[in-house]
Amino acid sequence: MKILVCMKQVPQKDAPLKLNEGGTWIREDISYEVNEPDAYALEEALRQREKHGGEVVVITSGPPRAQQVLREALAKGADRAIHLEGDGFVTLDAFNTAKAFAAAIKDESFDLIFTGLQSDDYGFAQTGVILAELLGWPHATIIMQIEKSDSGIRVKRELEAGFFQFVDMPLPALLTIQSGINKLRYATLIGIKQAKNKPLKKVSFDEVKLALGENLQRIEKLYIPQKTKKTEVLQGPPGEIAKKLVDKLRNELRVI
Amino acid sequence: MADTILVVVEQREGKLNRVSWETITGAQAIAAETGWTLEAAVVGSSVGDIAKEIAATKVSKVYDLESAKLEPYTPDGFVAALKPFIEQKQPKLVLMPHTYQVRDFAPKLAAALNRTLISDAVGYKYEGGNLRFTRQMFQGKFAADVSFVGDPPYFATFQNGAFRGDQVAHGDAAAPVETVNLDVADGVVRNKPEAPFKEAKQAVDLTQAAIIVAVGRGIKEQKNIELAQQLAEVLGGEIAASRPICDSGWLPMDRQVGSSGQTVAPKLYLALGISGAIQHVVGMKGARTIIAVNKDAEAPIFEIADVAVVGNLFDIVPPLIEEVKKTKGA
Ligand SMILES: Cc1cc2nc3c(=O)[nH]c(=O)nc-3n(C[C@@H](O)[C@H](O)[C@H](O)COP(=O)(O)OP(=O)(O)OC[C@H]3O[C@@H](n4cnc5c(N)ncnc54)[C@H](O)[C@@H]3O)c2cc1C
Ligand SMILES: Cc1cc2nc3c(=O)[nH]c(=O)nc-3n(C[C@H](O)[C@H](O)[C@H](O)COP(=O)(O)OP(=O)(O)OC[C@H]3O[C@@H](n4cnc5c(N)ncnc54)[C@H](O)[C@@H]3O)c2cc1C
């Protein structure tokens, strides 16, 4: 099976995010990491390849720093990488991002494309589903298990409130992967060494520009959300906080 | 032609998803401000009863889009049904709840129509004739105002809890229901879904717990779970967790609280090192009192907490365990 995995670089979870001076975006002087569900998507692709053979290709779109995500994926075992590199890609909406991916892979023939179910930063939860539509492929979202079947694949979708559902679907297909579908592996030293010699293709904005349209949505303003609930803040040394909390639990909430 | 808002309500296996009332409430508010006409649609097979249920609310009209091929739900089927309908009706705005089902088909629907979808909005603003939607970014740390570019129809989905479903306005008389029988061609639906199921029965029922001590990724390592466990024990409560803790296998899945776990409503929910992502919050915001311990003063969990402790949980939990022991022993 030939599998493409879309991997996005996002701000690190614990990174202290600050608005820039214009209040239009966040300050960029922070650390980045791979979008969590995308890491699970890569792991799943590697496992499928180990079972059925084939190739795992990783793709990202973003500035030069996003290459780190591809390097890590190659070190974990991906065969090759594609980087849609340039600032032009950064501000594309999900529709245009999907269009850029579709254009960049038009000469390839994948059996499966995996994306994360949503990004940890903007979380539009759309790029994968739109890409499937652009390619004319069937898709399934929030996937927790994938098996090959006679007619294609059989996947387990997560539904709300603890429900699941099996879906049979033909190939090629696009799946959006949920965190927790598998256990992640770490890159090995050998893997990191080998990654240096694996192919990493760069695609410039100009090469896919013609496939893109105008952004259909505009992020006008970013700001810190207003608090609606009245929250009591407890401060002080830990021992004092503990006392205050226990007093509350006993005398106000009456739970102990 | 007058501008219209079309709400597509959600039904699953022939039952209305209650979250649809929230979307209608939101749509009614937008309709009141903009003067646009509000209509609703339900998509499925033999869902006329749901159409009638919706017709009791203050909407101008309800469409019942019917085809045998729409049960069970598939993204192919729903897009095949809604795309020609929307092309013909040309609503200005199409609103839906941001559910698992909607996020499965709505981006495809919008893309098929060469339009865009502002997903997971928590509210809207209408100023100077310009409609914008507010959505959370960076896992709730920021909010953004997002607007549409280009021609309608515009698509938007609302997050669970964005509006009050119990505040939906009812009409003086039932709205007319129009049944539209759709022709979904053979071969259009490619996925073959099976019936939804639950994994083996859950061993713990967190919904009955009066006190819950919940841990998130702030607990850092599996061995530290023990600390939270001790606190839960002295308080006489249950231990629970955010999803990443269960994904890592540090606690079993049936301890997970949130949209893909259990929905709980204890007297006390003590959140340790949980950031407060919406998917977690929907599972515990019904708690009578929420106490959150987080080292990040900006953590979104503090927006719903009654009591906020800004600090390192490893400094605060040990003395807390001791204090509780002392008090209980006394
Ligand atoms: C300065 C700035 C301005 C912006 N302005 C706009 C704007 O005006 N309008 C707008 O809509 N957006 C804007 N964006 C955000 C935009 O770039 C989003 O990244 C894009 O809309 C994709 O949406 P998402 O991240 O929510 O992806 P989702 O749809 O949530 O992502 C789902 C999955 O798709 C894949 N994926 C998505 N993006 C990538 C990627 N870049 N590389 C690899 N895989 C990917 C991943 O597998 C991911 O898990 C702006 C961003 C910046 C930094
Ligand atoms: C479709 C879907 C379904 C989902 N379902 C669920 C669900 O059912 N339940 C769920 O929980 N999530 C769910 N999620 C995941 C959710 O989006 C979040 O990723 C998750 O809730 C984050 O978990 P967390 O708060 O433990 O981790 P993080 O977001 O990483 O937060 C960790 C927090 O710990 C704090 N911290 C770190 N160290 C310390 C310390 N020493 N002392 C105090 N505080 C500290 C940090 O400041 C941070 O706020 C779902 C996501 C999706 C897309």
# chains A, B, ... in the order shown; residues from 1 in each chain; ligands from 1

$ residues_near_ligand --ligand "ligand 2" --cutoff "8 Å" --atoms "only C-alpha atoms and all ligand atoms" --output "ChimeraX atom specification"
/A:13-14,117-118,120,142,161,178-179 /B:100,139,215-220,241-245,256-262,272-281,283,293-297,299-301,310-314

$ write_last_selection --atoms "N, CA and C atoms" --output "compact mmCIF listing (two decimals), in the first residue's frame"
# COMPACT_ATOMS: atom_id res chain seq x y z
N LYS A 13 2.68 22.37 22.85
CA LYS A 13 1.54 22.46 23.77
C LYS A 13 1.77 23.39 24.94
N ASP A 14 2.93 23.35 25.51
CA ASP A 14 3.18 24.17 26.68
C ASP A 14 3.74 25.55 26.33
N LEU A 117 -7.27 14.30 12.58
CA LEU A 117 -8.69 14.67 12.54
C LEU A 117 -8.87 16.19 12.66
N GLN A 118 -7.91 16.86 13.30
CA GLN A 118 -7.95 18.33 13.31
C GLN A 118 -6.62 18.83 13.84
N ASP A 120 -4.16 21.10 16.23
CA ASP A 120 -4.21 21.59 17.61
C ASP A 120 -4.20 23.12 17.67
N ILE A 142 -12.30 10.44 12.01
CA ILE A 142 -12.12 10.07 13.42
C ILE A 142 -11.92 8.56 13.53
N ALA A 161 -19.85 9.96 22.67
CA ALA A 161 -20.30 9.31 23.90
C ALA A 161 -19.97 7.82 23.98
N GLN A 178 -7.63 9.68 14.56
CA GLN A 178 -7.80 10.18 15.92
C GLN A 178 -6.60 9.78 16.79
N SER A 179 -6.22 10.65 17.70
CA SER A 179 -5.17 10.34 18.67
C SER A 179 -5.56 9.10 19.45
N TYR B 100 -19.93 15.08 15.45
CA TYR B 100 -19.09 14.15 14.70
C TYR B 100 -19.66 13.92 13.30
N GLN B 139 -6.64 25.80 20.89
CA GLN B 139 -7.27 25.02 21.97
C GLN B 139 -7.90 25.91 23.04
N VAL B 215 -7.20 13.91 36.26
CA VAL B 215 -5.84 14.31 35.91
C VAL B 215 -5.69 14.50 34.42
N GLY B 216 -4.83 15.45 34.06
CA GLY B 216 -4.51 15.69 32.65
C GLY B 216 -3.01 15.53 32.44
N ARG B 217 -2.59 15.97 31.29
CA ARG B 217 -1.20 15.77 30.90
C ARG B 217 -0.21 16.47 31.84
N GLY B 218 -0.72 17.41 32.65
CA GLY B 218 0.12 18.07 33.64
C GLY B 218 0.70 17.10 34.66
N ILE B 219 0.15 15.90 34.74
CA ILE B 219 0.64 14.90 35.69
C ILE B 219 1.98 14.32 35.22
N LYS B 220 2.31 14.61 33.98
CA LYS B 220 3.64 14.33 33.42
C LYS B 220 4.02 12.87 33.20
N ALA B 241 -9.80 11.11 34.03
CA ALA B 241 -8.68 11.68 33.28
C ALA B 241 -9.13 12.33 31.99
N SER B 242 -8.24 13.16 31.45
CA SER B 242 -8.44 13.67 30.11
C SER B 242 -8.02 12.59 29.12
N ARG B 243 -8.35 12.81 27.88
CA ARG B 243 -8.11 11.78 26.88
C ARG B 243 -6.64 11.34 26.71
N PRO B 244 -5.70 12.30 26.64
CA PRO B 244 -4.32 11.87 26.41
C PRO B 244 -3.81 10.88 27.47
N ILE B 245 -4.30 10.99 28.69
CA ILE B 245 -3.89 10.08 29.76
C ILE B 245 -4.38 8.66 29.44
N GLN B 256 -12.14 8.04 31.20
CA GLN B 256 -12.03 9.27 30.40
C GLN B 256 -13.29 10.11 30.45
N VAL B 257 -13.10 11.40 30.68
CA VAL B 257 -14.22 12.34 30.70
C VAL B 257 -14.14 13.21 29.45
N GLY B 258 -15.28 13.43 28.80
CA GLY B 258 -15.29 14.33 27.64
C GLY B 258 -16.18 13.83 26.54
N SER B 259 -16.09 14.49 25.39
CA SER B 259 -17.03 14.20 24.30
C SER B 259 -16.90 12.77 23.82
N SER B 260 -15.71 12.19 23.91
CA SER B 260 -15.58 10.79 23.50
C SER B 260 -15.44 9.89 24.72
N GLY B 261 -15.71 10.42 25.89
CA GLY B 261 -15.69 9.61 27.10
C GLY B 261 -17.01 9.76 27.83
N GLN B 262 -16.96 9.83 29.16
CA GLN B 262 -18.19 9.95 29.92
C GLN B 262 -18.53 11.41 30.19
N LEU B 272 -6.78 18.45 37.82
CA LEU B 272 -5.35 18.63 38.07
C LEU B 272 -4.58 18.58 36.75
N GLY B 273 -3.99 19.72 36.34
CA GLY B 273 -3.17 19.71 35.13
C GLY B 273 -3.95 19.39 33.88
N ILE B 274 -5.16 19.92 33.81
CA ILE B 274 -6.00 19.77 32.61
C ILE B 274 -6.17 21.16 31.99
N SER B 275 -5.94 21.27 30.68
CA SER B 275 -5.96 22.61 30.07
C SER B 275 -7.36 23.17 29.87
N GLY B 276 -8.34 22.28 29.68
CA GLY B 276 -9.71 22.75 29.49
C GLY B 276 -10.11 22.87 28.04
N ALA B 277 -9.64 21.93 27.21
CA ALA B 277 -10.08 21.88 25.81
C ALA B 277 -11.58 21.59 25.79
N ILE B 278 -12.25 22.14 24.79
CA ILE B 278 -13.70 22.02 24.73
C ILE B 278 -14.17 20.57 24.80
N GLN B 279 -13.40 19.66 24.16
CA GLN B 279 -13.83 18.26 24.16
C GLN B 279 -13.78 17.66 25.56
N HIS B 280 -12.98 18.22 26.41
CA HIS B 280 -12.98 17.77 27.81
C HIS B 280 -14.11 18.48 28.57
N VAL B 281 -14.22 19.76 28.33
CA VAL B 281 -15.16 20.58 29.09
C VAL B 281 -16.61 20.13 28.91
N GLY B 283 -17.72 17.37 28.83
CA GLY B 283 -17.99 16.20 29.67
C GLY B 283 -18.09 16.50 31.15
N VAL B 293 -6.56 23.11 39.24
CA VAL B 293 -5.17 23.41 39.58
C VAL B 293 -4.38 23.37 38.29
N ASN B 294 -3.77 24.50 37.93
CA ASN B 294 -3.00 24.55 36.69
C ASN B 294 -1.91 25.59 36.85
N LYS B 295 -0.74 25.27 36.34
CA LYS B 295 0.38 26.20 36.53
C LYS B 295 0.30 27.39 35.58
N ASP B 296 -0.56 27.28 34.57
CA ASP B 296 -0.69 28.36 33.58
C ASP B 296 -1.92 29.21 33.89
N ALA B 297 -1.70 30.46 34.31
CA ALA B 297 -2.80 31.33 34.70
C ALA B 297 -3.78 31.58 33.56
N ALA B 299 -4.73 29.25 31.37
CA ALA B 299 -5.33 27.99 30.91
C ALA B 299 -6.85 28.14 30.78
N PRO B 300 -7.41 27.69 29.67
CA PRO B 300 -8.86 27.85 29.45
C PRO B 300 -9.73 27.20 30.54
N ILE B 301 -9.20 26.22 31.25
CA ILE B 301 -10.00 25.57 32.30
C ILE B 301 -10.45 26.59 33.34
N VAL B 310 -3.72 28.68 40.81
CA VAL B 310 -2.65 28.81 39.83
C VAL B 310 -1.37 28.33 40.50
N GLY B 311 -0.89 27.17 40.08
CA GLY B 311 0.31 26.65 40.71
C GLY B 311 0.66 25.27 40.23
N ASN B 312 1.76 24.78 40.76
CA ASN B 312 2.26 23.46 40.40
C ASN B 312 1.51 22.40 41.19
N LEU B 313 0.89 21.48 40.49
CA LEU B 313 0.07 20.49 41.19
C LEU B 313 0.91 19.64 42.13
N PHE B 314 2.18 19.47 41.81
CA PHE B 314 3.05 18.64 42.66
C PHE B 314 3.38 19.34 43.99

$ closest_atom_pairs --of "chain A" --to "ligand 1" --cutoff "6 Å" --atoms "only C-alpha atoms and all ligand atoms" --output "tab-separated table"
residue	atom	partner	partner_atom_place_in_ligand_line	distance
A:Cys6	CA	ligand 1	44 (N)	4.1
A:Met7	CA	ligand 1	44 (N)	4.1
A:Lys8	CA	ligand 1	43 (C)	3.8
A:Trp25	CA	ligand 1	1 (C)	5.9
A:Asp38	CA	ligand 1	47 (O)	5.2
A:Ile59	CA	ligand 1	43 (C)	6.0
A:Thr60	CA	ligand 1	43 (C)	3.7
A:Ser61	CA	ligand 1	42 (N)	4.0
A:Gly62	CA	ligand 1	41 (N)	5.5
A:Val90	CA	ligand 1	17 (O)	4.8
A:Thr91	CA	ligand 1	4 (C)	3.9
A:Leu92	CA	ligand 1	17 (O)	4.7
A:Asp93	CA	ligand 1	11 (O)	3.2
A:Ala94	CA	ligand 1	21 (O)	3.7
A:Thr115	CA	ligand 1	47 (O)	3.5
A:Gly116	CA	ligand 1	49 (O)	3.1
A:Leu117	CA	ligand 1	49 (O)	5.2
A:Gln118	CA	ligand 1	30 (O)	3.5
A:Ser119	CA	ligand 1	30 (O)	3.9
A:Tyr122	CA	ligand 1	26 (O)	4.1
A:Gly123	CA	ligand 1	30 (O)	3.8
A:Phe124	CA	ligand 1	26 (O)	3.6
A:Ala125	CA	ligand 1	30 (O)	3.5
A:Gln126	CA	ligand 1	29 (O)	3.7
A:Thr127	CA	ligand 1	29 (O)	3.7
A:Gly128	CA	ligand 1	34 (O)	5.2
A:Gln217	CA	ligand 1	9 (N)	4.9
A:Arg218	CA	ligand 1	8 (O)	3.6
A:Ile219	CA	ligand 1	8 (O)	4.4

$ write_last_selection --atoms "N, CA, C and O atoms" --output "CSV table (one decimal), in the first residue's frame"
chain,number,residue,atom,x,y,z
A,6,CYS,N,-0.4,13.5,5.9
A,6,CYS,CA,-0.3,15.0,6.0
A,6,CYS,C,0.0,15.4,7.4
A,6,CYS,O,-0.7,15.0,8.3
A,7,MET,N,1.1,16.1,7.6
A,7,MET,CA,1.6,16.4,8.9
A,7,MET,C,1.9,17.9,9.1
A,7,MET,O,2.6,18.5,8.3
A,8,LYS,N,1.2,18.5,10.0
A,8,LYS,CA,1.3,19.9,10.2
A,8,LYS,C,2.2,20.2,11.5
A,8,LYS,O,2.1,19.5,12.5
A,25,TRP,N,-2.0,38.3,15.1
A,25,TRP,CA,-1.6,36.9,15.2
A,25,TRP,C,-0.7,36.6,16.4
A,25,TRP,O,-0.5,37.6,17.1
A,38,ASP,N,-1.5,13.9,13.9
A,38,ASP,CA,-0.8,13.6,12.7
A,38,ASP,C,0.4,12.6,13.1
A,38,ASP,O,0.8,11.8,12.2
A,59,ILE,N,3.9,14.6,3.9
A,59,ILE,CA,3.8,15.9,3.3
A,59,ILE,C,3.4,17.0,4.3
A,59,ILE,O,2.7,16.8,5.2
A,60,THR,N,4.0,18.2,4.2
A,60,THR,CA,3.6,19.3,5.0
A,60,THR,C,3.6,20.5,4.2
A,60,THR,O,4.3,20.6,3.1
A,61,SER,N,2.9,21.5,4.6
A,61,SER,CA,3.0,22.8,3.9
A,61,SER,C,3.2,23.9,5.0
A,61,SER,O,2.6,23.8,6.1
A,62,GLY,N,4.2,24.7,4.8
A,62,GLY,CA,4.5,25.7,5.8
A,62,GLY,C,5.9,26.3,5.6
A,62,GLY,O,6.5,26.0,4.6
A,90,VAL,N,1.4,29.6,4.3
A,90,VAL,CA,1.0,29.7,5.7
A,90,VAL,C,-0.4,30.2,5.9
A,90,VAL,O,-1.1,29.8,6.8
A,91,THR,N,-0.7,31.2,5.1
A,91,THR,CA,-2.0,31.9,5.3
A,91,THR,C,-3.2,31.3,4.5
A,91,THR,O,-4.2,31.9,4.4
A,92,LEU,N,-3.0,30.2,3.9
A,92,LEU,CA,-4.0,29.6,3.1
A,92,LEU,C,-5.1,29.0,4.0
A,92,LEU,O,-4.8,28.5,5.1
A,93,ASP,N,-6.4,29.1,3.6
A,93,ASP,CA,-7.4,28.5,4.4
A,93,ASP,C,-7.4,27.0,4.1
A,93,ASP,O,-6.7,26.5,3.3
A,94,ALA,N,-8.2,26.3,4.8
A,94,ALA,CA,-8.2,24.8,4.7
A,94,ALA,C,-8.5,24.4,3.3
A,94,ALA,O,-7.9,23.4,2.8
A,115,THR,N,-4.8,12.0,7.3
A,115,THR,CA,-4.6,13.3,7.9
A,115,THR,C,-5.0,13.2,9.4
A,115,THR,O,-5.6,12.2,9.8
A,116,GLY,N,-4.6,14.1,10.2
A,116,GLY,CA,-5.1,14.1,11.6
A,116,GLY,C,-6.5,14.6,11.5
A,116,GLY,O,-7.0,15.1,10.5
A,117,LEU,N,-7.3,14.3,12.6
A,117,LEU,CA,-8.7,14.7,12.5
A,117,LEU,C,-8.9,16.2,12.7
A,117,LEU,O,-9.8,16.7,12.2
A,118,GLN,N,-7.9,16.9,13.3
A,118,GLN,CA,-7.9,18.3,13.3
A,118,GLN,C,-6.6,18.8,13.8
A,118,GLN,O,-5.9,18.1,14.5
A,119,SER,N,-6.3,20.1,13.6
A,119,SER,CA,-5.1,20.6,14.1
A,119,SER,C,-5.2,21.2,15.5
A,119,SER,O,-6.3,21.6,15.8
A,122,TYR,N,-5.5,25.7,14.9
A,122,TYR,CA,-6.7,26.3,14.5
A,122,TYR,C,-7.9,25.4,14.6
A,122,TYR,O,-9.0,25.9,14.8
A,123,GLY,N,-7.7,24.1,14.4
A,123,GLY,CA,-8.7,23.2,14.6
A,123,GLY,C,-10.0,23.3,13.7
A,123,GLY,O,-11.1,23.1,14.2
A,124,PHE,N,-9.8,23.7,12.5
A,124,PHE,CA,-10.9,23.7,11.6
A,124,PHE,C,-11.5,22.3,11.3
A,124,PHE,O,-12.7,22.2,10.9
A,125,ALA,N,-10.7,21.3,11.4
A,125,ALA,CA,-11.1,19.9,11.2
A,125,ALA,C,-11.7,19.7,9.8
A,125,ALA,O,-12.8,19.2,9.6
A,126,GLN,N,-11.1,20.3,8.8
A,126,GLN,CA,-11.6,20.2,7.4
A,126,GLN,C,-10.7,19.8,6.4
A,126,GLN,O,-11.1,19.2,5.3
A,127,THR,N,-9.4,20.0,6.5
A,127,THR,CA,-8.5,19.8,5.4
A,127,THR,C,-8.6,18.5,4.8
A,127,THR,O,-8.6,18.3,3.5
A,128,GLY,N,-8.6,17.4,5.6
A,128,GLY,CA,-8.7,16.1,5.0
A,128,GLY,C,-9.9,15.8,4.2
A,128,GLY,O,-9.9,15.3,3.1
A,217,GLN,N,-12.4,32.4,3.5
A,217,GLN,CA,-12.6,32.9,4.9
A,217,GLN,C,-11.4,33.7,5.3
A,217,GLN,O,-10.3,33.4,5.0
A,218,ARG,N,-11.7,34.7,6.2
A,218,ARG,CA,-10.7,35.6,6.6
A,218,ARG,C,-10.7,35.6,8.2
A,218,ARG,O,-11.7,35.9,8.8
A,219,ILE,N,-9.5,35.4,8.7
A,219,ILE,CA,-9.4,35.6,10.2
A,219,ILE,C,-9.1,37.0,10.4
A,219,ILE,O,-8.1,37.6,10.0

$ residues_around --residues "Tyr124 of chain B" --least-positions-apart "2" --cutoff "10 Å" --atoms "only C-alpha atoms" --output "list of chain:residue names"
B:Gly26, B:Ala29, B:Ile30, B:Ala121, B:Val122, B:Tyr126, B:Glu127, B:Leu131, B:Arg132, B:Phe133, B:Thr134, B:Arg135, B:Asp145, B:Val146, B:Ser147, B:Phe158, B:Ala162

$ interface_residues --of "chain A" --to "chain B" --cutoff "6 Å" --atoms "only C-alpha atoms" --output "MDAnalysis selection string"
chainID A and resid 121:122 124 126 129:130 133 141 160:169 180 216:225 227 231:234 238:239 242

$ closest_residue --among "A:Leu245, A:Glu147, A:Gly53, A:Ile177" --to "Asn35 of chain A" --atoms "only C-alpha atoms"
A:Ile177

$ residues_around --residues "Val62 of chain B" --least-positions-apart "4" --cutoff "9 Å" --atoms "only C-alpha atoms" --output "list in words"
Glu39, Ala40, Ala41, Val42, Ala51, Lys52, Ile54, Ala55, Ala175, Pro176, Val177, Glu178 and Thr179 of chain B

$ atom_distance --atom1 "atom CA of Leu95 of chain B" --atom2 "atom CA of Val180 of chain B"
19.5 Å

$ select_by_dssp --residues "segment 51-243 of chain A" --states "helix (DSSP H, G or I)" --output "PyMOL selection string"
chain A and resi 51-52+64-76+87-90+94-104+127-135+160-162+189-195+205-211+238-243

$ select_by_dssp --residues "segment 85-203 of chain B" --states "strand (DSSP E)" --output "ChimeraX atom specification"
/B:93-97,117-127,130-137,142-148,154-158,177-181,192-193,197-198

$ atom_distance --atom1 "atom CA of Gly123 of chain B" --atom2 "atom CA of Pro11 of chain A"
25.0 Å

$ residues_around --residues "Glu53 of chain B" --least-positions-apart "4" --cutoff "10 Å" --atoms "only C-alpha atoms" --output "JSON, numbers by chain"
{"B": [16, 48, 49, 57, 62, 174, 175]}

$ write_last_selection --atoms "N, CA and C atoms" --output "mmCIF file, in the first residue's frame"
data_model
loop_
_atom_site.group_PDB
_atom_site.id
_atom_site.type_symbol
_atom_site.label_atom_id
_atom_site.label_comp_id
_atom_site.auth_asym_id
_atom_site.auth_seq_id
_atom_site.Cartn_x
_atom_site.Cartn_y
_atom_site.Cartn_z
ATOM 1 N N LEU B 16 -33.843 12.813 16.686
ATOM 2 C CA LEU B 16 -33.273 14.162 16.648
ATOM 3 C C LEU B 16 -32.165 14.277 17.686
ATOM 4 N N GLY B 48 -40.075 12.178 8.942
ATOM 5 C CA GLY B 48 -41.161 13.155 8.963
ATOM 6 C C GLY B 48 -41.528 13.607 10.364
ATOM 7 N N ASP B 49 -41.409 12.699 11.335
ATOM 8 C CA ASP B 49 -41.752 13.068 12.706
ATOM 9 C C ASP B 49 -40.792 14.130 13.247
ATOM 10 N N THR B 57 -41.078 24.936 16.362
ATOM 11 C CA THR B 57 -40.264 26.088 16.754
ATOM 12 C C THR B 57 -40.543 27.244 15.807
ATOM 13 N N VAL B 62 -40.183 24.025 7.188
ATOM 14 C CA VAL B 62 -39.289 22.894 7.431
ATOM 15 C C VAL B 62 -39.319 21.978 6.213
ATOM 16 N N ALA B 174 -47.783 25.779 14.008
ATOM 17 C CA ALA B 174 -46.730 24.940 13.432
ATOM 18 C C ALA B 174 -46.348 25.467 12.049
ATOM 19 N N ALA B 175 -45.056 25.442 11.767
ATOM 20 C CA ALA B 175 -44.589 25.868 10.446
ATOM 21 C C ALA B 175 -44.938 24.793 9.419
#

$ closest_residue --among "B:Ala32, B:Asp3, B:Leu182, B:Ser20" --to "Phe78 of chain B" --atoms "only C-alpha atoms"
B:Leu182

$ atom_distance --atom1 "atom CA of Thr97 of chain A" --atom2 "atom CA of Arg65 of chain A"
17.5 Å
